[in-house]
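> I'm passing along structure.cif; it holds mmCIF, C-alpha atoms.
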data_final
loop_
_atom_site.group_PDB
_atom_site.id
_atom_site.type_symbol
_atom_site.label_atom_id
_atom_site.label_comp_id
_atom_site.auth_asym_id
_atom_site.auth_seq_id
_atom_site.Cartn_x
_atom_site.Cartn_y
_atom_site.Cartn_z
ATOM 1 C CA MET O 118 20.465 23.398 101.056
ATOM 2 C CA ILE O 119 22.174 26.683 100.204
ATOM 3 C CA LYS O 120 19.680 28.659 102.290
ATOM 4 C CA LYS O 121 20.223 26.286 105.236
ATOM 5 C CA ASN O 122 24.000 26.741 105.009
ATOM 6 C CA PHE O 123 23.553 30.491 104.657
ATOM 7 C CA ASN O 124 21.388 30.521 107.790
ATOM 8 C CA ASN O 125 23.991 28.504 109.692
ATOM 9 C CA LEU O 126 26.705 30.966 108.707
ATOM 10 C CA PHE O 127 24.865 34.246 109.096
ATOM 11 C CA GLY O 128 21.997 33.746 111.508
ATOM 12 C CA LYS O 129 18.291 33.234 111.563
ATOM 13 C CA GLU O 130 16.067 33.778 108.556
ATOM 14 C CA THR O 131 14.443 36.860 110.111
ATOM 15 C CA GLU O 132 17.879 38.461 110.508
ATOM 16 C CA ILE O 133 18.683 37.701 106.874
ATOM 17 C CA GLU O 134 15.377 39.202 105.733
ATOM 18 C CA GLU O 135 16.083 42.307 107.805
ATOM 19 C CA ILE O 136 19.532 42.657 106.212
ATOM 20 C CA CYS O 137 18.097 42.179 102.707
ATOM 21 C CA HIS O 138 15.402 44.767 103.431
ATOM 22 C CA ARG O 139 17.998 47.279 104.664
ATOM 23 C CA LEU O 140 20.260 46.681 101.644
ATOM 24 C CA SER O 141 17.281 47.042 99.271
ATOM 25 C CA ASP O 142 16.383 50.489 100.592
ATOM 26 C CA PRO O 143 17.084 53.077 97.857
ATOM 27 C CA ASN O 144 18.336 55.452 100.574
ATOM 28 C CA TYR O 145 20.921 52.960 101.883
ATOM 29 C CA GLN O 146 24.280 54.721 102.109
ATOM 30 C CA GLY O 147 26.566 51.907 103.292
ATOM 31 C CA GLY O 148 27.596 50.487 99.923
ATOM 32 C CA SER O 149 25.930 48.504 97.176
ATOM 33 C CA VAL O 150 22.166 48.210 97.101
ATOM 34 C CA ALA O 151 20.624 44.760 96.771
ATOM 35 C CA LEU O 152 17.848 44.038 94.303
ATOM 36 C CA SER O 153 14.565 43.334 96.077
ATOM 37 C CA LYS O 154 12.816 39.961 95.689
ATOM 38 C CA ASN O 155 9.867 41.544 93.906
ATOM 39 C CA ALA O 156 11.862 43.796 91.567
ATOM 40 C CA SER O 157 10.164 44.749 88.326
ATOM 41 C CA LEU O 158 11.628 43.848 84.933
ATOM 42 C CA LEU O 159 12.767 47.456 84.580
ATOM 43 C CA GLU O 160 14.540 47.371 87.950
ATOM 44 C CA GLN O 161 16.172 44.050 87.048
ATOM 45 C CA ALA O 162 17.401 45.459 83.727
ATOM 46 C CA LYS O 163 18.829 48.576 85.389
ATOM 47 C CA TYR O 164 20.478 46.488 88.118
ATOM 48 C CA ASN O 165 22.004 44.156 85.521
ATOM 49 C CA LEU O 166 23.412 47.113 83.575
ATOM 50 C CA CYS O 167 25.008 48.472 86.751
ATOM 51 C CA GLN O 168 26.555 45.046 87.324
ATOM 52 C CA VAL O 169 27.845 44.955 83.729
ATOM 53 C CA ILE O 170 29.487 48.369 84.165
ATOM 54 C CA LEU O 171 31.032 47.274 87.473
ATOM 55 C CA THR O 172 32.362 44.101 85.822
ATOM 56 C CA TYR O 173 33.848 46.229 83.028
ATOM 57 C CA LYS O 174 35.593 48.445 85.590
ATOM 58 C CA LEU O 175 37.028 45.443 87.414
ATOM 59 C CA ARG O 176 38.175 43.607 84.274
ATOM 60 C CA LYS O 177 39.833 46.707 82.833
ATOM 61 C CA LYS O 178 41.325 47.527 86.265
ATOM 62 C CA LEU O 179 40.087 51.102 86.005
ATOM 63 C CA GLY O 180 40.052 53.577 88.827
ATOM 64 C CA ILE O 181 36.744 55.256 89.534
ATOM 65 C CA GLU O 182 38.034 58.605 88.245
ATOM 66 C CA LYS O 183 39.009 57.084 84.886
ATOM 67 C CA LEU O 184 35.659 55.315 84.564
ATOM 68 C CA ALA O 185 33.809 58.525 85.454
ATOM 69 C CA GLN O 186 35.764 60.352 82.770
ATOM 70 C CA GLN O 187 34.933 57.704 80.163
ATOM 71 C CA ILE O 188 31.195 57.866 80.829
ATOM 72 C CA ARG O 189 31.239 61.646 81.344
ATOM 73 C CA LEU O 190 29.893 61.637 84.891
ATOM 74 C CA SER O 191 31.103 62.926 88.232
ATOM 75 C CA VAL O 192 32.764 60.486 90.603
ATOM 76 C CA PRO O 193 29.743 60.464 92.987
ATOM 77 C CA GLU O 194 27.375 59.694 90.086
ATOM 78 C CA THR O 195 29.679 56.917 88.906
ATOM 79 C CA GLU O 196 29.756 55.510 92.438
ATOM 80 C CA ASP O 197 25.952 55.428 92.355
ATOM 81 C CA ILE O 198 26.127 53.186 89.284
ATOM 82 C CA LEU O 199 28.786 50.941 90.796
ATOM 83 C CA HIS O 200 26.698 50.579 93.969
ATOM 84 C CA CYS O 201 23.552 49.751 91.955
ATOM 85 C CA ARG O 202 21.553 52.757 93.101
ATOM 86 C CA ILE O 203 19.141 52.165 90.253
ATOM 87 C CA ASP O 204 16.583 54.707 91.441
ATOM 88 C CA LYS O 205 18.966 57.476 90.368
ATOM 89 C CA PHE O 206 19.160 56.421 86.698
ATOM 90 C CA THR O 207 16.858 55.659 83.818
ATOM 91 C CA LEU O 208 17.388 52.555 81.734
ATOM 92 C CA ASP O 209 18.287 54.572 78.641
ATOM 93 C CA ARG O 210 20.942 56.540 80.557
ATOM 94 C CA LEU O 211 22.552 53.334 81.794
ATOM 95 C CA MET O 212 22.492 51.944 78.252
ATOM 96 C CA ASP O 213 24.169 55.134 77.016
ATOM 97 C CA TYR O 214 26.972 54.697 79.576
ATOM 98 C CA ALA O 215 27.492 51.068 78.528
ATOM 99 C CA GLU O 216 27.621 52.236 74.903
ATOM 100 C CA LEU O 217 30.263 54.859 75.755
ATOM 101 C CA LEU O 218 32.344 52.021 77.213
ATOM 102 C CA ALA O 219 31.767 49.938 74.060
ATOM 103 C CA ILE O 220 30.199 47.168 76.133
ATOM 104 C CA PRO O 221 28.240 44.891 73.808
ATOM 105 C CA LEU O 222 24.659 44.539 74.993
ATOM 106 C CA GLN O 223 21.920 42.175 73.936
ATOM 107 C CA ILE O 224 18.277 42.313 74.930
ATOM 108 C CA GLN O 225 16.751 38.918 75.576
ATOM 109 C CA SER O 226 13.142 38.026 76.166
ATOM 110 C CA LYS O 227 11.985 35.254 78.463
ATOM 111 C CA PHE O 228 8.883 34.791 76.330
ATOM 112 C CA SER O 229 8.435 32.847 73.147
ATOM 113 C CA ARG O 230 5.886 33.846 70.536
ATOM 114 C CA SER O 231 3.624 31.001 71.658
ATOM 115 C CA ASN O 232 3.522 32.453 75.207
ATOM 116 C CA LEU O 233 2.332 35.798 73.848
ATOM 117 C CA ALA O 234 -0.534 34.431 71.744
#
Is it possible to give me this structure as structure tokens?


Amino acid sequence: MIKKNFNNLFGKETEIEEICHRLSDPNYQGGSVALSKNASLLEQAKYNLCQVILTYKLRKKLGIEKLAQQIRLSVPETEDILHCRIDKFTLDRLMDYAELLAIPLQIQSKFSRSNLA
């Protein structure tokens, strides 16, 4: 139902797939990068951390310069985080930035012990 409504609003499915493909390109320069359908767990974790940092910025009503100062990065590097350019950062670096902002993080597993046996 949602996909049908989305198609009615924005065009045919092939056009939507083309847009998603373009937005998923790590070299995309037009704004935020979309997470691809087949993203790895690592890519998902990095993307989620970028989203958490963006949410922090918005909730605290911080300018990009102030946020960059808090996480000790340049403004362009901070923009890369805010636009989810996950190919430019390692997971541990993103976790370090969240820690500098005192954002509480929790790692959750989708697996139970019985699934691993």

> Distance atom CA of Arg202 of chain O-atom CA of Ile170 of chain O, one decimal place?

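We find that atom CA of Arg202 of chain O and atom CA of Ile170 of chain O lie 12.7 Å from each other.
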
> Return the single residue from O:Leu158, O:Ala215, O:Thr195, O:Val150 that is closest to Lys183 of chain O, with distances computed using all atoms listed in the file.

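Ranking O:Leu158, O:Ala215, O:Thr195, O:Val150 by distance to Lys183 of chain O, first place goes to O:Thr195.
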
> Which polymer residues have any atom within 10 Å of an atom of Leu184 of chain O, counting all atoms listed in the file, with same-chain residues fewer than 4 positions away left out, as a list in words?

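Returned residues: Ile170, Leu171, Tyr173, Lys174, Lys177, Lys178, Leu179, Gly180, Ile188, Arg189, Leu190, Ser191, Val192, Thr195, Glu196 and Leu218 of chain O.
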
> Interatomic distance between atom CA of Ala151 of chain O and atom CA of Lys205 of chain O?

14.3 Å

> Considering only C-alpha atoms, return as a list in words whatever protein or nucleic-acid residues lie within 10 Å of Ile198 of chain O, sequence-local ones (same chain, fewer than 6 positions apart) excluded.

Ser149, Lys163, Tyr164, Leu166, Cys167, Gln168, Ile170, Leu171, Val192, Asp204, Lys205, Phe206, Leu211 and Tyr214 of chain O

> Can you sort out segment 208-229 of chain O so it carries N, CA and C atoms, written as a JSON list (two decimals), keeping the file's coordinate frame?


[["chain", "number", "residue", "atom", "x", "y", "z"],
["O", 208, "LEU", "N", 16.80, 53.65, 82.50],
["O", 208, "LEU", "CA", 17.39, 52.56, 81.73],
["O", 208, "LEU", "C", 18.15, 53.08, 80.53],
["O", 209, "ASP", "N", 17.60, 54.06, 79.83],
["O", 209, "ASP", "CA", 18.29, 54.57, 78.64],
["O", 209, "ASP", "C", 19.60, 55.26, 79.00],
["O", 210, "ARG", "N", 19.67, 55.93, 80.14],
["O", 210, "ARG", "CA", 20.94, 56.54, 80.56],
["O", 210, "ARG", "C", 21.99, 55.47, 80.81],
["O", 211, "LEU", "N", 21.61, 54.41, 81.51],
["O", 211, "LEU", "CA", 22.55, 53.33, 81.79],
["O", 211, "LEU", "C", 23.02, 52.66, 80.51],
["O", 212, "MET", "N", 22.11, 52.52, 79.55],
["O", 212, "MET", "CA", 22.49, 51.94, 78.25],
["O", 212, "MET", "C", 23.46, 52.87, 77.53],
["O", 213, "ASP", "N", 23.25, 54.16, 77.63],
["O", 213, "ASP", "CA", 24.17, 55.13, 77.02],
["O", 213, "ASP", "C", 25.57, 55.01, 77.61],
["O", 214, "TYR", "N", 25.66, 54.83, 78.94],
["O", 214, "TYR", "CA", 26.97, 54.70, 79.58],
["O", 214, "TYR", "C", 27.67, 53.41, 79.12],
["O", 215, "ALA", "N", 26.92, 52.33, 79.02],
["O", 215, "ALA", "CA", 27.49, 51.07, 78.53],
["O", 215, "ALA", "C", 27.97, 51.24, 77.09],
["O", 216, "GLU", "N", 27.22, 51.99, 76.29],
["O", 216, "GLU", "CA", 27.62, 52.24, 74.90],
["O", 216, "GLU", "C", 28.91, 53.06, 74.84],
["O", 217, "LEU", "N", 29.03, 54.06, 75.71],
["O", 217, "LEU", "CA", 30.26, 54.86, 75.76],
["O", 217, "LEU", "C", 31.48, 54.00, 76.09],
["O", 218, "LEU", "N", 31.26, 52.94, 76.84],
["O", 218, "LEU", "CA", 32.34, 52.02, 77.21],
["O", 218, "LEU", "C", 32.54, 50.92, 76.18],
["O", 219, "ALA", "N", 31.73, 50.95, 75.13],
["O", 219, "ALA", "CA", 31.77, 49.94, 74.06],
["O", 219, "ALA", "C", 31.50, 48.53, 74.61],
["O", 220, "ILE", "N", 30.60, 48.46, 75.59],
["O", 220, "ILE", "CA", 30.20, 47.17, 76.13],
["O", 220, "ILE", "C", 29.09, 46.63, 75.23],
["O", 221, "PRO", "N", 29.30, 45.45, 74.66],
["O", 221, "PRO", "CA", 28.24, 44.89, 73.81],
["O", 221, "PRO", "C", 27.05, 44.45, 74.66],
["O", 222, "LEU", "N", 25.88, 44.88, 74.27],
["O", 222, "LEU", "CA", 24.66, 44.54, 74.99],
["O", 222, "LEU", "C", 23.72, 43.78, 74.08],
["O", 223, "GLN", "N", 22.93, 42.92, 74.69],
["O", 223, "GLN", "CA", 21.92, 42.18, 73.94],
["O", 223, "GLN", "C", 20.68, 42.08, 74.80],
["O", 224, "ILE", "N", 19.54, 42.41, 74.22],
["O", 224, "ILE", "CA", 18.28, 42.31, 74.93],
["O", 224, "ILE", "C", 17.69, 40.94, 74.65],
["O", 225, "GLN", "N", 17.34, 40.24, 75.72],
["O", 225, "GLN", "CA", 16.75, 38.92, 75.58],
["O", 225, "GLN", "C", 15.38, 38.91, 76.22],
["O", 226, "SER", "N", 14.48, 38.17, 75.63],
["O", 226, "SER", "CA", 13.14, 38.03, 76.17],
["O", 226, "SER", "C", 12.99, 36.64, 76.76],
["O", 227, "LYS", "N", 12.26, 36.54, 77.85],
["O", 227, "LYS", "CA", 11.98, 35.25, 78.46],
["O", 227, "LYS", "C", 10.75, 34.60, 77.84],
["O", 228, "PHE", "N", 10.12, 35.29, 76.91],
["O", 228, "PHE", "CA", 8.88, 34.79, 76.33],
["O", 228, "PHE", "C", 9.11, 34.33, 74.90],
["O", 229, "SER", "N", 8.45, 33.27, 74.55],
["O", 229, "SER", "CA", 8.44, 32.85, 73.15],
["O", 229, "SER", "C", 7.16, 33.39, 72.53]]
